$ cat run-v6.cif   # mmCIF, N, CA and C atoms and all ligand atoms
data_data
loop_
_atom_site.label_atom_id
_atom_site.label_comp_id
_atom_site.auth_asym_id
_atom_site.auth_seq_id
_atom_site.Cartn_x
_atom_site.Cartn_y
_atom_site.Cartn_z
N MET F 1 -3.61 -6.97 -18.42
CA MET F 1 -3.82 -7.04 -16.98
C MET F 1 -4.90 -8.09 -16.68
N ASP F 2 -4.62 -8.99 -15.75
CA ASP F 2 -5.60 -10.02 -15.46
C ASP F 2 -6.68 -9.48 -14.51
N MET F 3 -7.69 -10.31 -14.30
CA MET F 3 -8.86 -9.85 -13.54
C MET F 3 -8.53 -9.51 -12.09
N GLU F 4 -7.65 -10.32 -11.45
CA GLU F 4 -7.36 -10.05 -10.05
C GLU F 4 -6.62 -8.73 -9.88
N SER F 5 -5.66 -8.48 -10.77
CA SER F 5 -4.93 -7.23 -10.70
C SER F 5 -5.85 -6.04 -10.97
N ALA F 6 -6.74 -6.20 -11.95
CA ALA F 6 -7.69 -5.13 -12.24
C ALA F 6 -8.59 -4.88 -11.04
N GLY F 7 -8.98 -5.95 -10.37
CA GLY F 7 -9.82 -5.82 -9.18
C GLY F 7 -9.10 -5.09 -8.06
N LEU F 8 -7.82 -5.41 -7.87
CA LEU F 8 -7.04 -4.74 -6.84
C LEU F 8 -6.96 -3.25 -7.12
N ARG F 9 -6.77 -2.92 -8.39
CA ARG F 9 -6.65 -1.49 -8.76
C ARG F 9 -7.96 -0.76 -8.47
N LEU F 10 -9.07 -1.41 -8.81
CA LEU F 10 -10.36 -0.77 -8.56
C LEU F 10 -10.59 -0.57 -7.07
N LEU F 11 -10.25 -1.59 -6.29
CA LEU F 11 -10.43 -1.48 -4.84
C LEU F 11 -9.57 -0.36 -4.28
N ALA F 12 -8.33 -0.30 -4.72
CA ALA F 12 -7.43 0.73 -4.21
C ALA F 12 -7.94 2.12 -4.60
N LYS F 13 -8.42 2.25 -5.83
CA LYS F 13 -8.96 3.54 -6.28
C LYS F 13 -10.15 3.97 -5.45
N ALA F 14 -10.94 2.99 -5.05
CA ALA F 14 -12.14 3.28 -4.26
C ALA F 14 -11.81 3.45 -2.78
N GLY F 15 -10.54 3.25 -2.41
CA GLY F 15 -10.16 3.37 -1.02
C GLY F 15 -10.55 2.16 -0.19
N ILE F 16 -10.87 1.07 -0.85
CA ILE F 16 -11.24 -0.16 -0.15
C ILE F 16 -10.07 -1.12 -0.24
N ASN F 17 -9.45 -1.36 0.87
CA ASN F 17 -8.22 -2.14 0.86
C ASN F 17 -8.41 -3.42 1.64
N ILE F 18 -8.92 -4.43 0.96
CA ILE F 18 -9.21 -5.67 1.66
C ILE F 18 -8.28 -6.79 1.24
N ALA F 19 -7.35 -6.50 0.37
CA ALA F 19 -6.48 -7.54 -0.15
C ALA F 19 -5.35 -7.84 0.82
N SER F 20 -4.79 -9.01 0.67
CA SER F 20 -3.72 -9.45 1.55
C SER F 20 -2.37 -8.90 1.11
N ALA F 21 -1.40 -8.99 2.01
CA ALA F 21 -0.04 -8.56 1.70
C ALA F 21 0.52 -9.38 0.54
N ALA F 22 0.21 -10.67 0.50
CA ALA F 22 0.72 -11.52 -0.58
C ALA F 22 0.15 -11.08 -1.93
N GLN F 23 -1.13 -10.72 -1.96
CA GLN F 23 -1.73 -10.25 -3.22
C GLN F 23 -1.08 -8.95 -3.66
N PHE F 24 -0.91 -8.03 -2.74
CA PHE F 24 -0.32 -6.75 -3.11
C PHE F 24 1.10 -6.92 -3.60
N ALA F 25 1.86 -7.78 -2.93
CA ALA F 25 3.24 -8.01 -3.37
C ALA F 25 3.25 -8.65 -4.76
N ARG F 26 2.38 -9.61 -4.97
CA ARG F 26 2.35 -10.32 -6.25
C ARG F 26 2.03 -9.39 -7.40
N TYR F 27 1.15 -8.43 -7.16
CA TYR F 27 0.73 -7.53 -8.24
C TYR F 27 1.42 -6.17 -8.17
N HIS F 28 2.55 -6.15 -7.49
CA HIS F 28 3.43 -4.98 -7.48
C HIS F 28 2.77 -3.73 -6.93
N HIS F 29 1.83 -3.92 -6.04
CA HIS F 29 1.29 -2.78 -5.32
C HIS F 29 2.24 -2.48 -4.16
N LYS F 30 2.21 -1.26 -3.70
CA LYS F 30 3.03 -0.89 -2.55
C LYS F 30 2.11 -0.38 -1.45
N ALA F 31 2.61 -0.42 -0.26
CA ALA F 31 1.83 0.08 0.86
C ALA F 31 2.73 0.92 1.74
N GLY F 32 2.23 2.04 2.15
CA GLY F 32 2.94 2.91 3.07
C GLY F 32 2.12 3.05 4.34
N VAL F 33 2.80 3.38 5.42
CA VAL F 33 2.12 3.60 6.69
C VAL F 33 2.54 4.98 7.20
N TYR F 34 1.53 5.75 7.58
CA TYR F 34 1.78 7.11 8.06
C TYR F 34 1.47 7.18 9.55
N CYS F 35 2.37 7.80 10.30
CA CYS F 35 2.11 8.05 11.71
C CYS F 35 1.65 9.50 11.86
N PRO F 36 0.39 9.71 12.26
CA PRO F 36 -0.10 11.08 12.39
C PRO F 36 0.54 11.83 13.57
N GLN F 37 1.07 11.11 14.55
CA GLN F 37 1.72 11.77 15.69
C GLN F 37 3.10 12.30 15.29
N CYS F 38 3.89 11.43 14.67
CA CYS F 38 5.26 11.79 14.28
C CYS F 38 5.30 12.47 12.91
N GLN F 39 4.20 12.36 12.16
CA GLN F 39 4.12 12.88 10.80
C GLN F 39 5.24 12.31 9.94
N ARG F 40 5.38 10.98 10.02
CA ARG F 40 6.41 10.32 9.23
C ARG F 40 5.78 9.16 8.46
N TRP F 41 6.41 8.85 7.33
CA TRP F 41 5.99 7.73 6.49
C TRP F 41 7.01 6.62 6.59
N ALA F 42 6.52 5.41 6.41
CA ALA F 42 7.40 4.25 6.24
C ALA F 42 6.75 3.34 5.21
N ASP F 43 7.59 2.69 4.42
CA ASP F 43 7.07 1.69 3.49
C ASP F 43 6.84 0.39 4.25
N LEU F 44 5.72 -0.22 3.98
CA LEU F 44 5.43 -1.53 4.55
C LEU F 44 6.16 -2.55 3.70
N LYS F 45 6.94 -3.40 4.35
CA LYS F 45 7.71 -4.42 3.63
C LYS F 45 6.82 -5.64 3.43
N LEU F 46 6.14 -5.69 2.27
CA LEU F 46 5.15 -6.74 2.01
C LEU F 46 5.78 -8.12 2.00
N HIS F 47 6.95 -8.26 1.41
CA HIS F 47 7.59 -9.58 1.37
C HIS F 47 7.96 -10.05 2.78
N GLU F 48 8.32 -9.10 3.64
CA GLU F 48 8.65 -9.46 5.02
C GLU F 48 7.41 -9.99 5.74
N LEU F 49 6.25 -9.37 5.48
CA LEU F 49 5.00 -9.85 6.08
C LEU F 49 4.69 -11.27 5.62
N VAL F 50 4.92 -11.51 4.32
CA VAL F 50 4.68 -12.86 3.78
C VAL F 50 5.61 -13.86 4.46
N MET F 51 6.89 -13.49 4.61
CA MET F 51 7.87 -14.39 5.24
C MET F 51 7.50 -14.68 6.69
N ARG F 52 6.86 -13.73 7.34
CA ARG F 52 6.48 -13.91 8.75
C ARG F 52 5.15 -14.65 8.90
N GLY F 53 4.59 -15.11 7.78
CA GLY F 53 3.34 -15.87 7.85
C GLY F 53 2.09 -15.01 7.91
N LEU F 54 2.24 -13.70 7.63
CA LEU F 54 1.10 -12.79 7.67
C LEU F 54 0.58 -12.45 6.28
N GLY F 55 1.07 -13.17 5.26
CA GLY F 55 0.76 -12.82 3.88
C GLY F 55 -0.70 -12.98 3.50
N ASP F 56 -1.40 -13.87 4.19
CA ASP F 56 -2.80 -14.13 3.82
C ASP F 56 -3.77 -13.18 4.50
N ARG F 57 -3.30 -12.39 5.42
CA ARG F 57 -4.22 -11.49 6.15
C ARG F 57 -4.43 -10.20 5.40
N PRO F 58 -5.66 -9.70 5.39
CA PRO F 58 -5.88 -8.38 4.77
C PRO F 58 -5.01 -7.33 5.45
N LEU F 59 -4.47 -6.44 4.65
CA LEU F 59 -3.58 -5.42 5.23
C LEU F 59 -4.28 -4.62 6.31
N VAL F 60 -5.56 -4.34 6.11
CA VAL F 60 -6.28 -3.51 7.08
C VAL F 60 -6.47 -4.22 8.42
N SER F 61 -6.26 -5.54 8.45
CA SER F 61 -6.45 -6.26 9.71
C SER F 61 -5.16 -6.29 10.54
N LEU F 62 -4.06 -5.81 9.98
CA LEU F 62 -2.79 -5.86 10.70
C LEU F 62 -2.70 -4.69 11.68
N PRO F 63 -2.29 -4.96 12.91
CA PRO F 63 -2.17 -3.88 13.90
C PRO F 63 -0.87 -3.10 13.71
N LEU F 64 -0.91 -2.14 12.79
CA LEU F 64 0.28 -1.37 12.45
C LEU F 64 0.46 -0.23 13.46
N ARG F 65 1.62 -0.23 14.11
CA ARG F 65 1.90 0.80 15.11
C ARG F 65 3.27 1.41 14.85
N CYS F 66 3.37 2.68 15.13
CA CYS F 66 4.63 3.40 14.96
C CYS F 66 5.66 2.89 15.97
N ARG F 67 6.88 2.64 15.50
CA ARG F 67 7.94 2.15 16.41
C ARG F 67 8.43 3.26 17.35
N GLU F 68 8.24 4.52 16.96
CA GLU F 68 8.72 5.63 17.79
C GLU F 68 7.75 5.96 18.91
N CYS F 69 6.46 6.11 18.57
CA CYS F 69 5.51 6.61 19.57
C CYS F 69 4.38 5.63 19.88
N GLY F 70 4.25 4.57 19.09
CA GLY F 70 3.23 3.57 19.36
C GLY F 70 1.84 3.90 18.83
N ALA F 71 1.70 5.03 18.16
CA ALA F 71 0.39 5.42 17.61
C ALA F 71 0.01 4.48 16.47
N PRO F 72 -1.30 4.24 16.30
CA PRO F 72 -1.73 3.44 15.15
C PRO F 72 -1.37 4.13 13.85
N GLY F 73 -0.88 3.33 12.90
CA GLY F 73 -0.49 3.86 11.60
C GLY F 73 -1.67 3.93 10.66
N GLU F 74 -1.60 4.86 9.74
CA GLU F 74 -2.62 4.98 8.69
C GLU F 74 -2.06 4.37 7.41
N LEU F 75 -2.79 3.39 6.89
CA LEU F 75 -2.34 2.64 5.73
C LEU F 75 -2.67 3.36 4.44
N GLN F 76 -1.71 3.39 3.52
CA GLN F 76 -1.96 3.92 2.18
C GLN F 76 -1.48 2.88 1.18
N VAL F 77 -2.37 2.50 0.29
CA VAL F 77 -2.03 1.51 -0.74
C VAL F 77 -1.83 2.21 -2.06
N ARG F 78 -0.77 1.82 -2.76
CA ARG F 78 -0.45 2.46 -4.03
C ARG F 78 -0.37 1.41 -5.14
N PRO F 79 -1.23 1.52 -6.14
CA PRO F 79 -1.12 0.62 -7.28
C PRO F 79 0.16 0.94 -8.05
N PRO F 80 0.63 -0.01 -8.85
CA PRO F 80 1.88 0.24 -9.57
C PRO F 80 1.73 1.40 -10.54
N ALA F 81 2.74 2.23 -10.58
CA ALA F 81 2.73 3.36 -11.51
C ALA F 81 3.10 2.85 -12.89
N PRO F 82 2.40 3.30 -13.92
CA PRO F 82 2.77 2.87 -15.27
C PRO F 82 4.12 3.46 -15.65
N ALA F 83 4.86 2.74 -16.49
CA ALA F 83 6.17 3.22 -16.93
C ALA F 83 6.02 4.54 -17.67
N TRP F 84 4.93 4.66 -18.41
CA TRP F 84 4.70 5.89 -19.15
C TRP F 84 3.20 6.15 -19.16
N GLY F 85 2.76 7.17 -18.49
CA GLY F 85 1.33 7.42 -18.38
C GLY F 85 0.80 8.32 -19.47
N GLY F 86 1.67 8.87 -20.30
CA GLY F 86 1.22 9.71 -21.39
C GLY F 86 0.98 11.16 -20.98
N ALA F 87 1.18 11.48 -19.71
CA ALA F 87 0.95 12.86 -19.28
C ALA F 87 2.17 13.72 -19.61
N THR F 88 1.91 14.95 -19.89
CA THR F 88 3.01 15.89 -20.07
C THR F 88 2.82 17.02 -19.07
N TRP F 89 3.91 17.64 -18.71
CA TRP F 89 3.87 18.65 -17.66
C TRP F 89 4.53 19.92 -18.13
N SER F 90 4.05 21.00 -17.59
CA SER F 90 4.75 22.25 -17.80
C SER F 90 4.72 23.00 -16.49
N VAL F 91 5.67 23.85 -16.31
CA VAL F 91 5.73 24.67 -15.12
C VAL F 91 5.23 26.07 -15.50
N GLY F 92 4.15 26.47 -14.86
CA GLY F 92 3.59 27.76 -15.19
C GLY F 92 4.52 28.89 -14.80
N ALA F 93 4.58 29.90 -15.63
CA ALA F 93 5.46 31.03 -15.34
C ALA F 93 4.68 32.13 -14.63
ZN ZN G 101 4.81 7.93 15.66
#

$ encode --input "run-v6.cif" --output "structure tokens"
Amino acid sequence: MDMESAGLRLLAKAGINIASAAQFARYHHKAGVYCPQCQRWADLKLHELVMRGLGDRPLVSLPLRCRECGAPGELQVRPPAPAWGGATWSVGA
């Protein structure tokens, strides 16, 4: 993992999301937007933001609004999930 990707992961873990849509797309991060009024999630289409010329702007600076009710969306950034994290699970009886 290169330094920029490692930095993005640290920022996301700390809840500090200052990176641009282009950076997140490049490093396979995902972003979701939650509407607290409608209680619905939507995935932010990072490549679409880049195509619209918004790729260089920090995600937190984008005025994300719900298409249904117009409420401001809450941004959630997700670093890429590892293919195999080594965790094992059991269902308690
Ligand atoms: Zn809504």

$ axis_aligned_box --input "run-v6.cif" --around "range 23-42 of chain F" --padding-each-side "3 Å" --output "JSON"
{"center_x": 2.8, "center_y": 1.1, "center_z": 3.7, "size_x": 15.1, "size_y": 29.6, "size_z": 29.9}

$ closest_residue --input "run-v6.cif" --among "F:Ala19, F:Gly55, F:Gln76, F:Leu64" --to "Ala31 in chain F" --atoms "all atoms listed in the file"
F:Gln76

$ residues_near_ligand --input "run-v6.cif" --ligand "ligand ZN 101 (chain G)" --cutoff "6 Å" --atoms "only N, CA and C atoms and all ligand atoms" --output "list in words"
Cys35, Pro36, Gln37, Cys38, Gln39, Cys66, Arg67, Glu68, Cys69, Gly70 and Ala71 of chain F

$ select_by_dssp --input "run-v6.cif" --residues "chain F" --states "helix (DSSP H, G or I)" --output "NGL selection string"
:F and (3-13 or 21-26 or 46-51 or 59-61)

$ closest_residue --input "run-v6.cif" --among "F:Lys45, F:Ala21, F:Tyr34, F:Arg52" --to "Glu74 in chain F" --atoms "only C-alpha atoms"
F:Tyr34

$ atom_distance --input "run-v6.cif" --atom1 "atom N of Ser20 in chain F" --atom2 "atom C of Asp56 in chain F"
5.8 Å

$ closest_residue --input "run-v6.cif" --among "F:Arg65, F:Trp41, F:Leu49, F:Lys13" --to "Arg78 in chain F" --atoms "only C-alpha atoms"
F:Lys13

$ closest_residue --input "run-v6.cif" --among "F:Leu59, F:Val33, F:Ala22, F:Ala83" --to "His47 in chain F" --atoms "only C-alpha atoms"
F:Ala22

$ decode --input "run-v6.cif" --residues "chain F" --atoms "C-alpha atoms" --output "compact mmCIF listing (two decimals), in the first residue's frame"
# COMPACT_ATOMS: atom_id res chain seq x y z
CA MET F 1 0.00 0.00 0.00
CA ASP F 2 1.43 3.37 -0.96
CA MET F 3 1.59 6.38 1.33
CA GLU F 4 -1.42 8.22 -0.10
CA SER F 5 -3.68 5.20 0.24
CA ALA F 6 -2.43 4.58 3.77
CA GLY F 7 -3.13 8.21 4.57
CA LEU F 8 -6.67 7.98 3.23
CA ARG F 9 -7.30 4.92 5.38
CA LEU F 10 -6.04 6.67 8.49
CA LEU F 11 -8.17 9.72 7.79
CA ALA F 12 -11.25 7.61 7.21
CA LYS F 13 -10.62 5.64 10.40
CA ALA F 14 -10.33 8.88 12.33
CA GLY F 15 -13.56 10.15 10.79
CA ILE F 16 -11.72 12.94 8.99
CA ASN F 17 -12.80 12.98 5.40
CA ILE F 18 -10.95 15.67 3.54
CA ALA F 19 -10.01 13.79 0.42
CA SER F 20 -11.47 14.44 -2.99
CA ALA F 21 -13.83 12.22 -4.96
CA ALA F 22 -11.03 11.51 -7.43
CA GLN F 23 -8.73 10.31 -4.64
CA PHE F 24 -11.38 8.07 -3.16
CA ALA F 25 -12.23 6.59 -6.55
CA ARG F 26 -8.57 6.02 -7.36
CA TYR F 27 -7.94 4.16 -4.12
CA HIS F 28 -11.14 2.15 -4.27
CA HIS F 29 -12.79 3.84 -1.34
CA LYS F 30 -16.56 4.08 -1.40
CA ALA F 31 -18.85 6.74 -0.10
CA GLY F 32 -22.44 6.48 0.98
CA VAL F 33 -24.91 9.21 1.81
CA TYR F 34 -27.59 8.80 4.44
CA CYS F 35 -30.77 10.85 4.64
CA PRO F 36 -31.82 11.12 8.29
CA GLN F 37 -35.33 12.25 7.28
CA CYS F 38 -36.09 9.37 4.90
CA GLN F 39 -33.74 6.95 6.70
CA ARG F 40 -32.37 5.78 3.38
CA TRP F 41 -28.89 5.18 2.02
CA ALA F 42 -27.50 5.84 -1.42
CA ASP F 43 -24.06 5.18 -2.82
CA LEU F 44 -22.25 8.25 -4.01
CA LYS F 45 -21.15 7.70 -7.60
CA LEU F 46 -17.54 8.91 -7.34
CA HIS F 47 -16.74 8.46 -11.02
CA GLU F 48 -19.82 10.49 -11.92
CA LEU F 49 -18.58 13.34 -9.70
CA VAL F 50 -15.21 13.21 -11.45
CA MET F 51 -16.92 13.29 -14.88
CA ARG F 52 -18.92 16.34 -13.79
CA GLY F 53 -15.72 18.20 -12.91
CA LEU F 54 -16.19 17.86 -9.14
CA GLY F 55 -13.40 15.31 -8.68
CA ASP F 56 -10.94 17.71 -7.10
CA ARG F 57 -13.28 18.95 -4.39
CA PRO F 58 -13.22 17.41 -0.92
CA LEU F 59 -16.26 15.20 -0.47
CA VAL F 60 -17.26 17.09 2.65
CA SER F 61 -17.50 20.32 0.65
CA LEU F 62 -20.16 18.95 -1.70
CA PRO F 63 -23.73 20.05 -0.95
CA LEU F 64 -25.29 16.59 -0.80
CA ARG F 65 -29.07 16.68 -0.57
CA CYS F 66 -31.70 13.98 -0.64
CA ARG F 67 -33.61 13.86 -3.94
CA GLU F 68 -36.82 12.89 -2.12
CA CYS F 69 -37.03 15.40 0.71
CA GLY F 70 -34.13 17.82 0.18
CA ALA F 71 -32.57 17.20 3.59
CA PRO F 72 -28.78 17.42 3.85
CA GLY F 73 -27.17 14.01 3.51
CA GLU F 74 -24.75 12.51 5.98
CA LEU F 75 -21.58 11.28 4.32
CA GLN F 76 -20.02 7.94 5.20
CA VAL F 77 -16.67 6.95 3.73
CA ARG F 78 -15.68 3.31 3.51
CA PRO F 79 -12.13 2.14 2.89
CA PRO F 80 -11.79 -0.91 0.66
CA ALA F 81 -12.57 -4.16 2.40
CA PRO F 82 -9.74 -6.69 2.28
CA ALA F 83 -10.43 -9.82 0.24
CA TRP F 84 -9.64 -11.86 3.31
CA GLY F 85 -9.38 -10.24 6.71
CA GLY F 86 -8.50 -13.39 8.61
CA ALA F 87 -11.53 -13.14 10.89
CA THR F 88 -13.62 -16.16 11.64
CA TRP F 89 -17.19 -16.11 12.83
CA SER F 90 -19.48 -18.30 14.77
CA VAL F 91 -23.11 -17.97 15.61
CA GLY F 92 -23.70 -18.30 19.32
CA ALA F 93 -26.28 -20.85 20.32
